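Q: Sharing a structure, written as structure tokens. Questions coming.
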Amino acid sequence: MKIGFFQFAPQFGKRRENLKAVAEVLANVSVDLLVLPELFNTGYLFTSKQDLIELAEPVPGPTTLFLQQLTERKQMSIVHGIAERAQDKFYNSAVLLGPDGVRAVYRKAHLFSEEKLYFAPGDSPFQVYNIGQVKIGILVCFDYWFPEAVRQLALQGAQIICHPSNLVLPGYGQQVTRVRAMENRMFWVLCNRTGKDVREGRELAFTGESQIVSPKGEILAKAGLDEQSLQIVEIEPRAADDKRVTSMNDLFKDRRTDLYTR
Ligand code: ACM
């Protein structure tokens with residue numbers, strides 16, 4: 001299976017340009033599962049509810065309909081971050097889009113910093129989704145700080161974590177997600193963004209260095225700090241089913257659930 005990410009610098013409020021960047025980079029590319037950044041179509045630095053009223057969209061909506069032309073033609077799946085409007089609420093969501101349309105919507109559970117002013121926290125269960133025989137889990141950016149969420153996906157058999165992100169704390173996400181992949185023996189596709197959002201005198205820079213990590217913690221692909229980068233690797237998802245660390249230790253069978261209280 002070919003999995004990948006597209007790291008780039010979305011422009012705030014410019015959906016058409018951001019979608020075009022994805023369509024252009026995928027034009028002559030073959031990949032089974034691609035991960036895009038968090039809020040890839042809108043940008044990140046929302047400064048008012050009015051921004052969301054103007055930019056958030058329903059799912060399915062214009063972004064998913066646009067991307068579905070790609071997933072249908074290329075018989076692929078895309079996990080992408082999006083500002084979702086659902087009735088009178090806004091969610092920082094990630095959509096799993098397959099060749100036949102929207103397969104799943106995951107609403108970010110752990111909101112970061114000022115996201116709490118504008119988005120509602122998601123209440124989607126941490127659940128795995130099938131792409132053919134392959135099981136994937138979805139998290140959005142700051143969710144990675146919560147090992148409980150990752151473990152729930154791992155215990156359900158997730159083989160690949162798809163992780164649209166807009167990381168702002170240098171180094172943390174790249175290191176911690178590598179450890180999460182190792183401690184749960186899963187593949188991990190961290191798709192971060194680059195560039196800055198500059199809005200109303202404020203500026204927020206993003207840390208790039210998207211990466212794909214193997215269940216043993218090997219870095220299979222890595223983007224630079226500040227470059228646009230499409231990277232694709234071929235993996236055997238079943239490698240994630242082996243939870244052994246020695247011939248006598250299996251990370252899941254050795255768990256002492258009788259001793260853990262929470
Ligand atoms: C983040 O959750 N976007 C840092």
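Simple scheme: letters A, B, ... for chains in structure tokens order, numbers from 1 for residues in each chain, numbers from 1 for ligands in the order shown.
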Counting only C-alpha atoms, which residues of region 107-151 of chain A sit at most 10 Å from some atom of region 233-255 of chain A, and what is each one's closest atom pair with its distance in Å to one decimal, listed by chain and rising residue number, as a tab-separated table?

A:
```
residue	atom	partner	partner_atom	distance
A:Gln133	CA	A:Pro237	CA	9.3
A:Val134	CA	A:Pro237	CA	6.8
A:Lys135	CA	A:Pro237	CA	8.4
A:Ile136	CA	A:Pro237	CA	9.7
A:Arg151	CA	A:Phe252	CA	9.9
```

Q: Go through region 129-201 of chain A residue by residue and, counting only C-alpha atoms, keep those with an atom at most 9 Å from region 218-229 of chain A; for each kept residue give the shortest atom pair and its distance in Å to one decimal, ordered by chain and increasing number, as JSON lines.

A:
```
{"residue": "A:Arg178", "atom": "CA", "partner": "A:Ile219", "partner_atom": "CA", "distance": 8.1}
{"residue": "A:Met182", "atom": "CA", "partner": "A:Glu218", "partner_atom": "CA", "distance": 8.7}
{"residue": "A:Arg193", "atom": "CA", "partner": "A:Asp226", "partner_atom": "CA", "distance": 8.5}
{"residue": "A:Thr194", "atom": "CA", "partner": "A:Asp226", "partner_atom": "CA", "distance": 5.4}
{"residue": "A:Gly195", "atom": "CA", "partner": "A:Asp226", "partner_atom": "CA", "distance": 6.7}
```

Q: Pull N, CA and C atoms from the residues just selected and write them as a PDB file, in the first residue's frame.

A:
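Writing the result to again.pdb gives the following:
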```pdb
ATOM      1  N   ARG A 178       6.467  10.031  17.038  1.00  0.00           N
ATOM      2  CA  ARG A 178       7.370   8.902  16.763  1.00  0.00           C
ATOM      3  C   ARG A 178       7.303   7.881  17.908  1.00  0.00           C
ATOM      4  N   MET A 182       5.902   3.952  18.096  1.00  0.00           N
ATOM      5  CA  MET A 182       6.693   2.847  18.654  1.00  0.00           C
ATOM      6  C   MET A 182       5.952   2.136  19.774  1.00  0.00           C
ATOM      7  N   ARG A 193       1.882  21.531   8.415  1.00  0.00           N
ATOM      8  CA  ARG A 193       1.960  22.560   7.394  1.00  0.00           C
ATOM      9  C   ARG A 193       3.199  23.418   7.629  1.00  0.00           C
ATOM     10  N   THR A 194       3.466  24.270   6.684  1.00  0.00           N
ATOM     11  CA  THR A 194       4.573  25.219   6.813  1.00  0.00           C
ATOM     12  C   THR A 194       4.016  26.637   6.720  1.00  0.00           C
ATOM     13  N   GLY A 195       4.913  27.602   6.688  1.00  0.00           N
ATOM     14  CA  GLY A 195       4.515  28.992   6.477  1.00  0.00           C
ATOM     15  C   GLY A 195       3.939  29.626   7.732  1.00  0.00           C
TER      16      GLY A 195
END
```

Q: Could you find all residues in region 14-242 of chain A that DSSP calls helix (DSSP H, G or I) from the backbone, and write them as a PyMOL selection string?

A: chain A and resi 15-26+49-55+62-74+115-118+141-145+147-155+172-184+237-241

Q: Enumerate as number ranges by chain the residues within 7 Å of ligand 1, counting only C-alpha atoms and all ligand atoms.

A: A: 111-112, 140-142, 165-168

Q: Could you turn the residues from that selection into a file that holds N, CA and C atoms, as a PDB file, in the first residue's frame?

A:
```pdb
ATOM      1  N   LEU A 111      -9.066  20.410  21.892  1.00  0.00           N
ATOM      2  CA  LEU A 111      -8.817  21.682  21.218  1.00  0.00           C
ATOM      3  C   LEU A 111      -7.608  22.374  21.821  1.00  0.00           C
ATOM      4  N   PHE A 112      -6.831  23.029  20.971  1.00  0.00           N
ATOM      5  CA  PHE A 112      -5.582  23.681  21.384  1.00  0.00           C
ATOM      6  C   PHE A 112      -5.792  25.181  21.527  1.00  0.00           C
ATOM      7  N   VAL A 140      -6.390  14.680  15.157  1.00  0.00           N
ATOM      8  CA  VAL A 140      -6.054  16.001  14.622  1.00  0.00           C
ATOM      9  C   VAL A 140      -5.100  16.689  15.602  1.00  0.00           C
ATOM     10  N   CYS A 141      -3.949  17.015  15.101  1.00  0.00           N
ATOM     11  CA  CYS A 141      -2.920  17.801  15.782  1.00  0.00           C
ATOM     12  C   CYS A 141      -2.831  17.543  17.296  1.00  0.00           C
ATOM     13  N   PHE A 142      -3.277  18.471  18.126  1.00  0.00           N
ATOM     14  CA  PHE A 142      -3.052  18.422  19.578  1.00  0.00           C
ATOM     15  C   PHE A 142      -3.523  17.117  20.221  1.00  0.00           C
ATOM     16  N   SER A 165      -2.204  18.026  10.837  1.00  0.00           N
ATOM     17  CA  SER A 165      -1.720  18.890  11.916  1.00  0.00           C
ATOM     18  C   SER A 165      -1.372  20.282  11.426  1.00  0.00           C
ATOM     19  N   ASN A 166      -1.366  21.201  12.386  1.00  0.00           N
ATOM     20  CA  ASN A 166      -0.825  22.561  12.215  1.00  0.00           C
ATOM     21  C   ASN A 166       0.022  22.803  13.460  1.00  0.00           C
ATOM     22  N   LEU A 167       1.154  22.153  13.559  1.00  0.00           N
ATOM     23  CA  LEU A 167       1.965  22.201  14.774  1.00  0.00           C
ATOM     24  C   LEU A 167       2.655  23.554  14.920  1.00  0.00           C
ATOM     25  N   VAL A 168       2.690  24.041  16.170  1.00  0.00           N
ATOM     26  CA  VAL A 168       3.318  25.344  16.415  1.00  0.00           C
ATOM     27  C   VAL A 168       4.437  25.278  17.465  1.00  0.00           C
TER      28      VAL A 168
END
```

Q: Choose the residue, out of A:Gln50, A:Thr71, A:Asn41, A:Gln211, that has the smallest atom-to-atom separation from Leu190 (chain A); count only C-alpha atoms.

A: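 The answer is A:Gln211, which sits nearest to Leu190 (chain A).
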
Q: Report the distance between CA of Met186 (chain A) and CA of Ile212 (chain A) in Å, rounded to one decimal place.

A: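 According to the coordinates, CA of Met186 (chain A) and CA of Ile212 (chain A) are separated by 10.6 Å.
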
Q: Which residues of region 78-100 of chain A come within 7 Å of region 17-38 of chain A, and what is each one's closest atom pair and distance in Å (one decimal), counting only C-alpha atoms, sorted by chain and residue number, as a Markdown table?

A:
```
| residue | atom | partner | partner_atom | distance |
| --- | --- | --- | --- | --- |
| A:Ile78 | CA | A:Leu34 | CA | 4.8 |
| A:Val79 | CA | A:Val35 | CA | 4.8 |
| A:His80 | CA | A:Leu36 | CA | 4.8 |
| A:Gly81 | CA | A:Glu38 | CA | 3.9 |
| A:Ile82 | CA | A:Glu38 | CA | 6.5 |
```

Q: Would you mind listing what lies within 12 Å of Pro58 (chain A) as a PyMOL selection string, with only C-alpha atoms counted and same-chain residues fewer than 5 positions away left out?

A: chain A and resi 52-53+63-65+82-93+95+102+105

Q: Return the single residue from A:Phe119, A:Phe8, A:Phe66, A:Phe46 that is closest to Leu97 (chain A), with distances computed using only C-alpha atoms.

A: A:Phe66

Q: Would you compute the distance between CA of Ser77 (chain A) and CA of Gly43 (chain A)? Give it in Å to one decimal.

A: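 Computed distance, CA of Ser77 (chain A) to CA of Gly43 (chain A), equals 21.7 Å.
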
Q: Pick out the closest residue to Val189 (chain A) from this set: A:Gln68, A:Gln152, A:Thr207, A:Gln231. Count only C-alpha atoms.

A: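 When distances to Val189 (chain A) are compared using only C-alpha atoms, the smallest one comes from A:Gln231.
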
Q: For Pro164 (chain A), which residue out of A:Asn184, A:Gln75, A:Thr261, A:Asn192 is the nearest one, using only C-alpha atoms?

A: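 Of A:Asn184, A:Gln75, A:Thr261, A:Asn192, the one nearest Pro164 (chain A) is A:Asn192, counting only C-alpha atoms.
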
Q: Of the candidates A:Tyr172, A:Arg180, A:Arg103, A:Asp51, which one gets nearest to Ser210 (chain A) if we count only C-alpha atoms?

A: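 Distance minimum relative to Ser210 (chain A) lands on A:Tyr172.
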
Q: In Å, with one decimal, what is the gap from CA of Val213 (chain A) to CA of Pro147 (chain A)?

A: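 Atom-to-atom, CA of Val213 (chain A) to CA of Pro147 (chain A), that is 16.6 Å.
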
Q: Find, counting only C-alpha atoms, the residue in A:Ile161, A:Ile3, A:Leu70, A:Leu45 that gets nearest to Leu204 (chain A).

A: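 Comparing A:Ile161, A:Ile3, A:Leu70, A:Leu45 against Leu204 (chain A), the winner is A:Leu45.
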
Q: Would you mind writing down, as JSON, numbers by chain, each residue of region 27-210 of chain A that DSSP on the backbone assigns to strand (DSSP E)?

A: {"A": [33, 34, 35, 77, 78, 79, 80, 81, 82, 83, 84, 85, 86, 89, 90, 91, 92, 93, 94, 95, 96, 97, 98, 101, 102, 103, 104, 105, 106, 107, 129, 130, 131, 134, 135, 136, 137, 138, 160, 161, 162, 163, 164, 187, 188, 189, 190, 191, 196, 197, 198, 199, 202, 203, 204, 205]}
